[in-house]
Amino acid sequence: MPSRVGKGMARLGPISEEGNEDECAVLLLNSEEDVLFLKNGSAIHRQSSVGGDEDSRPTPGGEGEVRRPQPRVQQQDQDEEDEMLKYGAKHVIMLFVPVSLCMLLVVASISKVTYYQSSGGVYLIYTPFHEETDQAGIKLWNALANAAILIGIVLVMTIFLVLLYKYRCYKFIHGWLIVASLMLLFVFSLIYLQELLVAFNIPMDYITVSFIMWNFGVVGMVSIHWKGSLRVQQAYLIIISAMAALIFIKYLPEWTLWMILGGIALYDLFAVLTPHGPLKILVETAQDRNESLFPALIYSSTMMWIVNMADADPERQSHTSQQPLAPADEEEGEVDDNGGFDTNFSQRQDDYEQRSTSVNSDDARAAASALRQENDPSTRRPQPLDDDDDEERGVKLGLGDFIFYSVLVGKASSYGDWTTTLACFVAILIGLCLTLILLAIFKKALPALPISIAFGLLFYFTSSFLVFPFTDFMASEQVFI
């Protein structure tokens, strides 16, 4: 019986005995699909599972090395491209659904709850210029000043957060994020519920409202900052993003809001792509420490638990940080019967054995036994997780991206033009898709705001000032195309 030999192993055996000299044949697995047959140090034949049988010439010196065929390289490139497209489409769907839900929640709230359609003369403290004039020049510099102030505050707070994370002030960061989550889940959610009941004229007593808000807030705090179902955590992150977007839409002046959208996209480019950008430093620091960023800041398609991040011992953190939950089939304890190889590799090995004409030898059995011991999970030394395993935890998107996507679409819907609203909605999804394509190409952290916000602003102004007036004029003249 022929013995199975892994990549880079050899199978030795006598072929024939002619005279006083034995011939020796060596079977080398040059790669996962190429098999080399060497006779007395010279390559005589090659079998390939993808290309059939091919002849090969011996190299000078009798080394028997054969150049890898070009079709094999092309096949590898094609497989990589197919895998990239497969996972790229999967990641696109994973992000399209939550982003769409967040924007739809904001649009529905704007259209049904009149409370968020106007500020009522009340503005955020970060915008001291209120644009209470009809002169376009004054409105413009007021908007620019407000946008510069707000983006400057964002920059300062981001740098402060990076410094806290760099010096391992995890408890302070957790406290900061918990207070922000409490405000969104209890205060702003209570205001939203109250206005929603008023809009639909639904009576409800204070005891019921208190019971609903207590359960809603506590479950959200536990699922975001501790443990909970993945779907519940994702739902709460979408809800708090929508709450923050509604607050910006209500309390920001009109021109200031559009200036902030353009400015925050430029800031995102600076913060992520420049060598000393604060978000780039934050992400690289987390990767160096093999830690996940805080769930209250990041939407993830897989579970992110960081209960032990606030531990004072940095060495113990790397060993006690919790990992995402395994799928159900893995929890049931499946046994790997292939010695660490996948099914395709085992099938190719079986094909090689059928094509092989070599016979048993003690050396071949010893080599196969050594290979099995090396690939045995019980005797194999555990290896640390590499970057590819970390990436399999899921695609991640900052909650700030959710907020500003929803701000753009929600503000467009506040004017009552559904053509413009739909155009902005589609533009943001197109920009997000292009961002994910660039992410698959460059394979590093990229800003998610610039392309989507640029497309959204372009579609908004073109639809609002060109498409809508044209369609309105055609409808008034009863001209249908």
# chains A, B, ... in the order shown; residues from 1 in each chain; ligands from 1
>>> select_by_dssp(residues="range 122-188 of chain A", states="alpha helix (DSSP H)", output="PyMOL selection string")
chain A and resi 136-166+170-182
>>> residues_around(residues="Ile149 in chain A", least_positions_apart="2", cutoff="12 Å", atoms="only C-alpha atoms", output="VMD selection string")
chain A and resid 124 to 129 142 to 147 151 to 156 256 259 to 260 263 to 264
>>> write_last_selection(atoms="C-alpha atoms", output="short mmCIF file (atom, residue, chain, number, x, y, z; two decimals), in the first residue's frame")
data_model
loop_
_atom_site.label_atom_id
_atom_site.label_comp_id
_atom_site.auth_asym_id
_atom_site.auth_seq_id
_atom_site.Cartn_x
_atom_site.Cartn_y
_atom_site.Cartn_z
CA LEU A 124 -26.21 73.10 20.39
CA ILE A 125 -23.68 74.91 22.53
CA TYR A 126 -20.99 74.05 19.97
CA THR A 127 -22.67 76.26 17.32
CA PRO A 128 -22.68 79.84 18.63
CA PHE A 129 -23.66 81.29 15.20
CA ASN A 142 -21.49 81.45 10.16
CA ALA A 143 -21.71 77.91 8.82
CA LEU A 144 -17.96 77.74 8.24
CA ALA A 145 -17.24 79.02 11.75
CA ASN A 146 -19.66 76.56 13.35
CA ALA A 147 -18.25 73.66 11.34
CA ILE A 151 -14.69 69.60 13.97
CA GLY A 152 -12.02 71.12 16.22
CA ILE A 153 -13.85 69.76 19.27
CA VAL A 154 -14.06 66.34 17.61
CA LEU A 155 -10.31 66.44 16.92
CA VAL A 156 -9.45 67.42 20.50
CA THR A 256 -23.89 74.44 9.32
CA MET A 259 -20.68 72.26 6.09
CA ILE A 260 -20.10 69.79 8.91
CA GLY A 263 -15.71 68.92 6.84
CA ILE A 264 -16.09 65.67 8.77
#
>>> residues_around(residues="range 431-447 of chain A", least_positions_apart="2", cutoff="7 Å", atoms="only C-alpha atoms", output="list in words")
Met84, Gly88, Val92, Asp268, Leu269, Val272, Ala427, Ile428, Leu429, Leu449, Pro450, Ile451, Ser452 and Phe455 of chain A
>>> residues_around(residues="Val426 in chain A", least_positions_apart="4", cutoff="12 Å", atoms="only C-alpha atoms", output="list in words")
Phe96, Val99, Ser100, Met103, Tyr405, Leu408, Val409, Thr419, Thr420, Thr421, Leu422, Ile430, Gly431, Leu432, Cys433, Ser452, Ile453, Phe455, Gly456, Leu457, Leu458, Phe459 and Tyr460 of chain A
>>> write_last_selection(atoms="N, CA and C atoms", output="short mmCIF file (atom, residue, chain, number, x, y, z; two decimals), in the first residue's frame")
data_model
loop_
_atom_site.label_atom_id
_atom_site.label_comp_id
_atom_site.auth_asym_id
_atom_site.auth_seq_id
_atom_site.Cartn_x
_atom_site.Cartn_y
_atom_site.Cartn_z
N PHE A 96 -24.54 46.64 4.47
CA PHE A 96 -25.69 47.28 3.84
C PHE A 96 -26.93 47.20 4.71
N VAL A 99 -26.66 49.62 7.96
CA VAL A 99 -26.64 51.02 7.53
C VAL A 99 -28.00 51.41 6.97
N SER A 100 -28.61 50.55 6.18
CA SER A 100 -29.93 50.84 5.63
C SER A 100 -30.98 50.95 6.72
N MET A 103 -30.55 54.35 8.53
CA MET A 103 -31.05 55.47 7.73
C MET A 103 -32.57 55.44 7.61
N TYR A 405 -24.04 59.21 7.97
CA TYR A 405 -24.86 58.70 6.87
C TYR A 405 -26.34 59.04 7.12
N LEU A 408 -27.24 62.84 6.81
CA LEU A 408 -27.39 63.31 5.43
C LEU A 408 -28.75 62.91 4.85
N VAL A 409 -29.09 61.63 4.98
CA VAL A 409 -30.36 61.17 4.41
C VAL A 409 -31.54 61.77 5.17
N THR A 419 -37.58 62.08 -4.01
CA THR A 419 -36.63 61.77 -5.08
C THR A 419 -35.20 62.05 -4.61
N THR A 420 -35.02 63.21 -3.99
CA THR A 420 -33.69 63.55 -3.46
C THR A 420 -33.29 62.61 -2.32
N THR A 421 -34.25 62.26 -1.47
CA THR A 421 -33.96 61.34 -0.36
C THR A 421 -33.50 59.98 -0.87
N LEU A 422 -34.20 59.46 -1.86
CA LEU A 422 -33.82 58.17 -2.42
C LEU A 422 -32.47 58.25 -3.12
N ILE A 430 -23.70 53.19 -2.52
CA ILE A 430 -22.69 53.04 -3.58
C ILE A 430 -21.31 53.41 -3.05
N GLY A 431 -21.24 54.52 -2.32
CA GLY A 431 -19.96 54.92 -1.74
C GLY A 431 -19.43 53.90 -0.75
N LEU A 432 -20.32 53.32 0.05
CA LEU A 432 -19.90 52.29 1.00
C LEU A 432 -19.38 51.05 0.26
N CYS A 433 -20.03 50.68 -0.83
CA CYS A 433 -19.57 49.53 -1.63
C CYS A 433 -18.19 49.79 -2.21
N SER A 452 -18.70 58.03 0.50
CA SER A 452 -20.15 58.03 0.67
C SER A 452 -20.69 59.44 0.86
N ILE A 453 -20.04 60.25 1.69
CA ILE A 453 -20.51 61.62 1.91
C ILE A 453 -20.37 62.45 0.64
N PHE A 455 -20.47 61.37 -2.49
CA PHE A 455 -21.56 60.96 -3.38
C PHE A 455 -22.91 61.48 -2.89
N GLY A 456 -23.13 61.41 -1.57
CA GLY A 456 -24.40 61.87 -1.02
C GLY A 456 -24.61 63.36 -1.24
N LEU A 457 -23.58 64.17 -0.98
CA LEU A 457 -23.70 65.61 -1.20
C LEU A 457 -23.90 65.92 -2.68
N LEU A 458 -23.16 65.22 -3.55
CA LEU A 458 -23.31 65.45 -4.99
C LEU A 458 -24.72 65.11 -5.46
N PHE A 459 -25.22 63.96 -5.03
CA PHE A 459 -26.57 63.56 -5.43
C PHE A 459 -27.62 64.49 -4.82
N TYR A 460 -27.38 64.98 -3.60
CA TYR A 460 -28.37 65.86 -2.98
C TYR A 460 -28.50 67.17 -3.74
#
